[in-house]
>>> print(open('protein-v1.txt').read())   # compact mmCIF, C-alpha atoms and all ligand atoms
# COMPACT_ATOMS: atom_id res chain seq x y z
CA MET A 1 0.47 -22.33 -14.21
CA HIS A 2 0.32 -18.63 -13.38
CA TRP A 3 3.70 -16.91 -13.74
CA LEU A 4 3.82 -16.38 -9.97
CA GLN A 5 3.30 -20.07 -9.16
CA ILE A 6 6.71 -21.69 -8.84
CA ASP A 7 7.20 -25.44 -8.80
CA VAL A 8 9.73 -26.20 -6.05
CA SER A 9 9.71 -30.01 -6.24
CA ASP A 10 13.42 -29.83 -7.23
CA LEU A 11 14.17 -28.20 -3.83
CA ALA A 12 11.99 -30.44 -1.67
CA GLY A 13 13.89 -32.70 0.70
CA ARG A 14 17.23 -31.09 -0.16
CA TYR A 15 18.33 -28.90 2.74
CA ASP A 16 20.08 -25.69 1.63
CA ALA A 17 19.33 -26.31 -2.04
CA THR A 18 18.73 -23.00 -3.82
CA ARG A 19 17.33 -21.74 -7.07
CA GLU A 20 17.32 -18.26 -8.55
CA ILE A 21 14.22 -17.07 -10.29
CA GLU A 22 13.71 -13.92 -12.33
CA SER A 23 10.39 -13.29 -13.94
CA SER A 24 7.82 -10.65 -14.74
CA GLY A 25 4.15 -10.35 -15.54
CA PRO A 26 0.91 -8.65 -14.55
CA VAL A 27 -0.73 -8.62 -11.12
CA GLU A 28 -4.35 -8.30 -12.16
CA GLY A 29 -6.85 -6.28 -10.19
CA PHE A 30 -4.36 -4.99 -7.65
CA ARG A 31 -5.74 -2.04 -5.70
CA SER A 32 -5.29 -0.95 -2.12
CA GLY A 33 -6.42 2.35 -0.65
CA LEU A 34 -5.26 5.08 -3.00
CA GLY A 35 -2.76 2.92 -4.91
CA TRP A 36 -3.07 0.42 -7.76
CA ILE A 37 -1.17 -1.37 -10.49
CA GLU A 38 -2.41 -0.91 -14.03
CA ASP A 39 -3.51 -4.21 -15.53
CA GLY A 40 -1.15 -3.73 -18.48
CA ASP A 41 1.92 -3.02 -16.33
CA SER A 42 4.40 -5.75 -15.48
CA VAL A 43 5.76 -6.41 -12.02
CA HIS A 44 9.25 -7.92 -11.82
CA VAL A 45 10.53 -10.41 -9.27
CA LYS A 46 14.09 -11.54 -8.68
CA LEU A 47 14.32 -14.04 -5.85
CA ARG A 48 16.53 -16.71 -4.43
CA LEU A 49 14.55 -19.70 -3.19
CA ARG A 50 16.25 -21.78 -0.52
CA ASN A 51 15.23 -24.95 1.27
CA VAL A 52 15.51 -24.30 5.03
CA ASN A 53 14.21 -27.72 6.17
CA ASP A 54 10.71 -26.77 7.32
CA GLY A 55 10.09 -24.54 4.34
CA ILE A 56 11.35 -22.47 1.44
CA GLU A 57 12.83 -19.05 2.02
CA ALA A 58 12.23 -16.45 -0.69
CA ALA A 59 14.59 -13.47 -0.59
CA GLY A 60 15.32 -10.79 -3.15
CA GLU A 61 13.56 -7.87 -4.78
CA VAL A 62 10.33 -6.96 -6.49
CA TRP A 63 9.89 -3.85 -8.57
CA GLY A 64 7.38 -2.13 -10.82
CA ARG A 65 5.22 0.95 -11.10
CA LEU A 66 2.44 2.06 -8.80
CA HIS A 67 -0.35 4.42 -9.73
CA LEU A 68 -1.52 6.63 -6.89
CA SER A 69 -4.20 9.22 -6.20
CA CYS A 70 -2.97 12.26 -4.31
CA SER A 71 -4.84 12.33 -0.98
CA ARG A 72 -4.97 16.14 -1.06
CA CYS A 73 -5.85 17.08 -4.65
CA LEU A 74 -6.90 13.66 -6.07
CA VAL A 75 -4.61 13.99 -9.10
CA GLU A 76 -3.28 10.64 -10.38
CA TYR A 77 0.45 10.11 -10.51
CA GLU A 78 2.93 7.27 -10.96
CA GLN A 79 5.74 6.11 -8.77
CA ASP A 80 8.28 3.36 -9.35
CA PHE A 81 8.81 0.98 -6.48
CA ARG A 82 11.59 -1.44 -5.62
CA LEU A 83 11.07 -3.51 -2.50
CA ASP A 84 13.15 -6.00 -0.56
CA VAL A 85 11.54 -9.36 0.05
CA ASP A 86 12.47 -11.87 2.75
CA GLU A 87 9.63 -14.29 3.35
CA LYS A 88 9.11 -17.93 4.15
CA PHE A 89 6.82 -20.61 2.76
CA TYR A 90 6.26 -23.51 5.19
CA PHE A 91 5.82 -27.14 4.12
CA GLU A 92 3.53 -27.89 7.08
CA PRO A 93 2.60 -24.54 8.59
CA THR A 94 1.04 -24.08 12.01
CA ILE A 95 -1.52 -21.32 12.47
CA ALA A 96 1.23 -19.19 14.02
CA ASP A 97 3.48 -19.80 10.98
CA LEU A 98 0.80 -18.52 8.63
CA LYS A 99 0.59 -15.22 10.51
CA GLU A 100 4.08 -14.33 9.36
CA GLY A 101 4.58 -16.61 6.40
CA TYR A 102 2.95 -18.64 3.65
CA GLU A 103 2.40 -22.24 2.65
CA VAL A 104 3.98 -24.57 0.11
CA ARG A 105 1.04 -26.36 -1.50
CA ASP A 106 1.54 -29.47 -3.63
CA GLN A 107 5.24 -28.59 -4.13
CA VAL A 108 4.24 -25.16 -5.43
CA VAL A 109 5.13 -21.77 -3.98
CA ASP A 110 2.49 -19.21 -4.94
CA LEU A 111 4.22 -15.83 -4.90
CA GLU A 112 1.09 -13.82 -5.67
CA PRO A 113 -0.32 -13.37 -2.12
CA MET A 114 3.20 -12.54 -0.89
CA LEU A 115 3.67 -10.01 -3.66
CA ARG A 116 0.34 -8.36 -2.89
CA ASP A 117 1.17 -8.15 0.83
CA VAL A 118 4.60 -6.64 0.19
CA ILE A 119 3.22 -4.02 -2.21
CA VAL A 120 0.24 -3.15 0.03
CA LEU A 121 2.62 -2.36 2.89
CA SER A 122 4.59 0.03 0.69
CA ILE A 123 1.58 2.19 -0.23
CA PRO A 124 1.41 5.34 1.88
CA MET A 125 -1.82 5.92 3.82
CA ARG A 126 -1.95 9.50 2.52
CA PRO A 127 0.01 9.73 -0.69
CA VAL A 128 0.83 13.26 -1.90
CA HIS A 129 1.83 13.96 -5.50
CA ALA A 130 4.19 16.71 -4.33
CA GLU A 131 5.29 17.73 -0.82
CA ASP A 132 3.87 21.24 -1.32
CA CYS A 133 0.51 20.11 -2.79
CA LYS A 134 -2.06 22.72 -1.77
CA GLY A 135 -5.04 20.36 -2.11
CA LEU A 136 -8.62 21.24 -2.97
CA CYS A 137 -10.65 24.20 -1.72
CA PRO A 138 -13.10 22.88 0.92
CA VAL A 139 -15.71 25.42 -0.24
CA CYS A 140 -15.80 25.11 -4.04
CA GLY A 141 -13.52 22.11 -4.74
CA ALA A 142 -11.11 24.08 -6.94
CA ASP A 143 -7.61 22.60 -7.26
CA LEU A 144 -5.57 25.19 -5.35
CA ASN A 145 -2.41 24.09 -7.19
CA VAL A 146 -3.98 25.40 -10.40
CA SER A 147 -6.07 28.40 -9.33
CA ASP A 148 -6.73 30.48 -6.24
CA CYS A 149 -10.46 30.91 -5.71
CA LYS A 150 -9.81 33.17 -2.66
CA HIS A 151 -12.10 31.07 -0.48
CA ALA A 152 -9.18 30.27 1.86
CA GLU A 153 -9.09 33.86 3.16
CA GLN A 154 -12.83 33.89 3.83
CA GLN A 155 -12.52 30.52 5.59
CA ILE A 156 -10.39 32.11 8.33
CA ASP A 157 -13.19 34.60 9.10
CA ALA A 158 -15.78 31.83 9.00
CA ARG A 159 -13.85 29.87 11.64
CA TRP A 160 -14.75 32.50 14.23
CA ALA A 161 -18.46 32.39 13.47
CA PRO A 162 -19.34 29.34 15.63
CA LEU A 163 -17.42 30.85 18.55
CA GLN A 164 -19.33 34.10 18.26
CA GLY A 165 -22.58 32.13 18.19
CA LEU A 166 -21.54 30.19 21.30
CA MET A 167 -20.73 33.38 23.23
CA ALA A 168 -24.10 34.87 22.30
CA SER A 169 -26.04 31.80 23.46
CA GLN A 170 -24.09 31.60 26.72
CA SER A 171 -24.88 35.19 27.66
CA GLY A 172 -28.52 34.46 26.76
CA GLY A 173 -28.44 31.45 29.11
CA ASP A 174 -27.16 33.57 31.98
CA ASP A 175 -30.09 35.95 31.60
CA GLU A 176 -32.58 33.07 31.90
CA GLU A 177 -30.80 31.90 35.03
CA VAL A 178 -31.21 35.35 36.59
CA GLU A 179 -34.94 35.51 35.72
CA LYS A 180 -35.62 32.25 37.63
ZN ZN A 201 -1.79 16.71 -4.88
ZN ZN A 202 -12.92 27.86 -3.33
>>> encode(input="protein-v1.txt", output="structure tokens", more="lines below")
Ligand SMILES: [Zn+2]
Ligand SMILES: [Zn+2]
Amino acid sequence: MHWLQIDVSDLAGRYDATREIESSGPVEGFRSGLGWIEDGDSVHVKLRLRNVNDGIEAAGEVWGRLHLSCSRCLVEYEQDFRLDVDEKFYFEPTIADLKEGYEVRDQVVDLEPMLRDVIVLSIPMRPVHAEDCKGLCPVCGADLNVSDCKHAEQQIDARWAPLQGLMASQSGGDDEEVEK
């Protein structure tokens, strides 16, 4: 079985029975937005599984290393993560149960979908490699953290150009109005 598939037959039918698990391994092909886990990197899980009658509760921590692309300058950087987990796997889930939890299938708890969900939620929508990242120049694409291409100053002047054009066309329109 995959390292994230845990046989819980020893807990089935035993209310409040618990088992601690600690394990690590890869989460292949994980990518979401601007974040991913390298295929060679291990993710660690430390969880307490508990029989709560209608299911198995899984509570504890997962940790590992995320790779991210800066949303401003596109540079790749790494960030360690450590996340709290408190999820439930139902023996006979209803549709509503599955919206907030998972399913025990054939006495097996598959932690992989849960792990993916937990990690996805921790990835920022717009990761930045440093709070003061200056990003890329919109004109030439230069990394403004590394060099100043001076386009930023010209950009401010260029911002007025459409407004000047608009004013010119409006005054032109007024003239036509008068001629009619
Ligand atoms: Zn950046
Ligand atoms: Zn530039």
>>> axis_aligned_box(input="protein-v1.txt", around="segment 123-129 of chain A", padding_each_side="5 Å", output="lines of an AutoDock Vina configuration file")
center_x = -0.1
center_y = 8.1
center_z = -0.8
size_x = 13.8
size_y = 21.8
size_z = 19.3
>>> residues_near_point(input="protein-v1.txt", point="(15.4, -20.7, -0.2)", cutoff="8 Å", atoms="all atoms listed in the file", output="ChimeraX atom specification")
/A:16-19,48-52,55-59
>>> atom_distance(input="protein-v1.txt", atom1="atom CA of Arg65 of chain A", atom2="atom CA of Gln79 of chain A")
5.7 Å
>>> residues_around(input="protein-v1.txt", residues="Leu66 of chain A", least_positions_apart="4", cutoff="8 Å", atoms="all atoms listed in the file", output="ChimeraX atom specification")
/A:35-38,78-81
>>> closest_atom_pairs(input="protein-v1.txt", of="chain A", to="ligand ZN 202 (chain A)", cutoff="8 Å", atoms="all atoms listed in the file", output="CSV")
residue,atom,partner,partner_atom,distance
A:Leu136,CA,A:ZN202,ZN,7.9
A:Cys137,CA,A:ZN202,ZN,4.6
A:Pro138,CA,A:ZN202,ZN,6.5
A:Val139,CA,A:ZN202,ZN,4.8
A:Cys140,CA,A:ZN202,ZN,4.0
A:Gly141,CA,A:ZN202,ZN,6.0
A:Ala142,CA,A:ZN202,ZN,5.5
A:Asp148,CA,A:ZN202,ZN,7.3
A:Cys149,CA,A:ZN202,ZN,4.6
A:Lys150,CA,A:ZN202,ZN,6.2
A:His151,CA,A:ZN202,ZN,4.4
A:Ala152,CA,A:ZN202,ZN,6.8
>>> atom_distance(input="protein-v1.txt", atom1="atom CA of Asp54 of chain A", atom2="atom CA of Val120 of chain A")
26.8 Å
>>> closest_residue(input="protein-v1.txt", among="A:Asp132, A:Asp86, A:Glu22, A:Asp39", to="ligand ZN 201 (chain A)", atoms="all atoms listed in the file")
A:Asp132
>>> residues_near_ligand(input="protein-v1.txt", ligand="ligand ZN 201 (chain A)", cutoff="12 Å", atoms="all atoms listed in the file", output="number ranges by chain")
A: 68-77, 126-136, 143-146
>>> residues_around(input="protein-v1.txt", residues="Tyr90 of chain A", least_positions_apart="4", cutoff="12 Å", atoms="all atoms listed in the file", output="list in words")
Ala12, Arg50, Asn51, Val52, Asn53, Asp54, Gly55, Ile56, Glu57, Ala58, Thr94, Ile95, Ala96, Asp97, Leu98, Lys99, Glu100, Gly101, Tyr102, Glu103, Val104, Arg105, Asp106, Gln107, Val108, Val109 and Asp110 of chain A
>>> atom_distance(input="protein-v1.txt", atom1="atom CA of Trp3 of chain A", atom2="atom CA of Gly40 of chain A")
14.8 Å
>>> residues_around(input="protein-v1.txt", residues="Val62 of chain A", least_positions_apart="4", cutoff="9 Å", atoms="all atoms listed in the file", output="ChimeraX atom specification")
/A:43-47,81-85,115,118-119
>>> closest_residue(input="protein-v1.txt", among="A:Asp117, A:Glu87, A:Glu61, A:Glu112", to="Val27 of chain A", atoms="all atoms listed in the file")
A:Glu112
>>> closest_residue(input="protein-v1.txt", among="A:Ser147, A:Leu111, A:Asp41, A:Gln154", to="Asp7 of chain A", atoms="all atoms listed in the file")
A:Leu111
>>> closest_residue(input="protein-v1.txt", among="A:Phe89, A:Glu153, A:Leu121, A:His2", to="Ser24 of chain A", atoms="only C-alpha atoms")
A:His2
>>> build_atoms(input="protein-v1.txt", residues="segment 109-120 of chain A", atoms="all heavy atoms", output="tab-separated table (two decimals), in the frame of the given file")
chain	number	residue	atom	x	y	z
A	109	VAL	N	5.11	-23.01	-4.73
A	109	VAL	CA	5.13	-21.77	-3.98
A	109	VAL	C	4.35	-20.75	-4.81
A	109	VAL	O	4.72	-20.49	-5.95
A	109	VAL	CB	6.59	-21.31	-3.75
A	109	VAL	CG1	6.66	-19.84	-3.44
A	109	VAL	CG2	7.25	-22.12	-2.64
A	110	ASP	N	3.27	-20.23	-4.23
A	110	ASP	CA	2.49	-19.21	-4.94
A	110	ASP	C	2.93	-17.83	-4.44
A	110	ASP	O	2.63	-17.45	-3.32
A	110	ASP	CB	0.99	-19.42	-4.69
A	110	ASP	CG	0.14	-18.46	-5.51
A	110	ASP	OD1	0.71	-17.62	-6.25
A	110	ASP	OD2	-1.11	-18.54	-5.41
A	111	LEU	N	3.66	-17.13	-5.30
A	111	LEU	CA	4.22	-15.83	-4.90
A	111	LEU	C	3.19	-14.71	-4.91
A	111	LEU	O	3.45	-13.63	-4.39
A	111	LEU	CB	5.36	-15.44	-5.83
A	111	LEU	CG	6.60	-16.36	-5.84
A	111	LEU	CD1	7.55	-15.92	-6.93
A	111	LEU	CD2	7.28	-16.34	-4.48
A	112	GLU	N	2.02	-14.94	-5.49
A	112	GLU	CA	1.09	-13.82	-5.67
A	112	GLU	C	0.61	-13.19	-4.36
A	112	GLU	O	0.68	-11.98	-4.21
A	112	GLU	CB	-0.10	-14.23	-6.54
A	112	GLU	CG	-0.96	-13.01	-6.85
A	112	GLU	CD	-1.98	-13.24	-7.94
A	112	GLU	OE1	-2.15	-14.39	-8.37
A	112	GLU	OE2	-2.60	-12.25	-8.36
A	113	PRO	N	0.12	-14.00	-3.37
A	113	PRO	CA	-0.32	-13.37	-2.12
A	113	PRO	C	0.83	-12.63	-1.43
A	113	PRO	O	0.61	-11.54	-0.87
A	113	PRO	CB	-0.80	-14.54	-1.25
A	113	PRO	CG	-0.81	-15.74	-2.10
A	113	PRO	CD	-0.11	-15.45	-3.38
A	114	MET	N	2.04	-13.19	-1.49
A	114	MET	CA	3.20	-12.54	-0.89
A	114	MET	C	3.47	-11.19	-1.56
A	114	MET	O	3.67	-10.18	-0.92
A	114	MET	CB	4.42	-13.45	-1.02
A	114	MET	CG	5.67	-12.89	-0.40
A	114	MET	SD	7.16	-13.63	-1.12
A	114	MET	CE	7.28	-12.72	-2.66
A	115	LEU	N	3.42	-11.22	-2.90
A	115	LEU	CA	3.67	-10.01	-3.66
A	115	LEU	C	2.64	-8.92	-3.32
A	115	LEU	O	2.99	-7.76	-3.10
A	115	LEU	CB	3.57	-10.35	-5.15
A	115	LEU	CG	4.37	-9.50	-6.11
A	115	LEU	CD1	5.84	-9.63	-5.83
A	115	LEU	CD2	4.06	-9.89	-7.54
A	116	ARG	N	1.39	-9.33	-3.24
A	116	ARG	CA	0.34	-8.36	-2.89
A	116	ARG	C	0.59	-7.77	-1.50
A	116	ARG	O	0.48	-6.56	-1.31
A	116	ARG	CB	-1.04	-9.01	-2.95
A	116	ARG	CG	-1.49	-9.30	-4.38
A	116	ARG	CD	-2.83	-10.03	-4.43
A	116	ARG	NE	-3.18	-10.37	-5.79
A	116	ARG	CZ	-3.91	-9.61	-6.62
A	116	ARG	NH1	-4.38	-8.46	-6.19
A	116	ARG	NH2	-4.16	-9.99	-7.84
A	117	ASP	N	0.93	-8.64	-0.54
A	117	ASP	CA	1.17	-8.15	0.83
A	117	ASP	C	2.32	-7.16	0.86
A	117	ASP	O	2.24	-6.12	1.51
A	117	ASP	CB	1.49	-9.33	1.76
A	117	ASP	CG	0.27	-10.21	2.02
A	117	ASP	OD1	-0.85	-9.79	1.68
A	117	ASP	OD2	0.45	-11.32	2.57
A	118	VAL	N	3.41	-7.50	0.18
A	118	VAL	CA	4.60	-6.64	0.19
A	118	VAL	C	4.28	-5.28	-0.43
A	118	VAL	O	4.66	-4.23	0.09
A	118	VAL	CB	5.76	-7.33	-0.58
A	118	VAL	CG1	6.90	-6.35	-0.84
A	118	VAL	CG2	6.27	-8.53	0.19
A	119	ILE	N	3.53	-5.28	-1.52
A	119	ILE	CA	3.22	-4.02	-2.21
A	119	ILE	C	2.22	-3.19	-1.39
A	119	ILE	O	2.37	-1.98	-1.25
A	119	ILE	CB	2.71	-4.27	-3.64
A	119	ILE	CG1	3.78	-4.99	-4.46
A	119	ILE	CG2	2.34	-2.95	-4.32
A	119	ILE	CD1	3.30	-5.49	-5.82
A	120	VAL	N	1.22	-3.87	-0.80
A	120	VAL	CA	0.24	-3.15	0.03
A	120	VAL	C	0.95	-2.37	1.13
A	120	VAL	O	0.64	-1.20	1.38
A	120	VAL	CB	-0.78	-4.13	0.65
A	120	VAL	CG1	-1.53	-3.48	1.81
A	120	VAL	CG2	-1.78	-4.60	-0.40
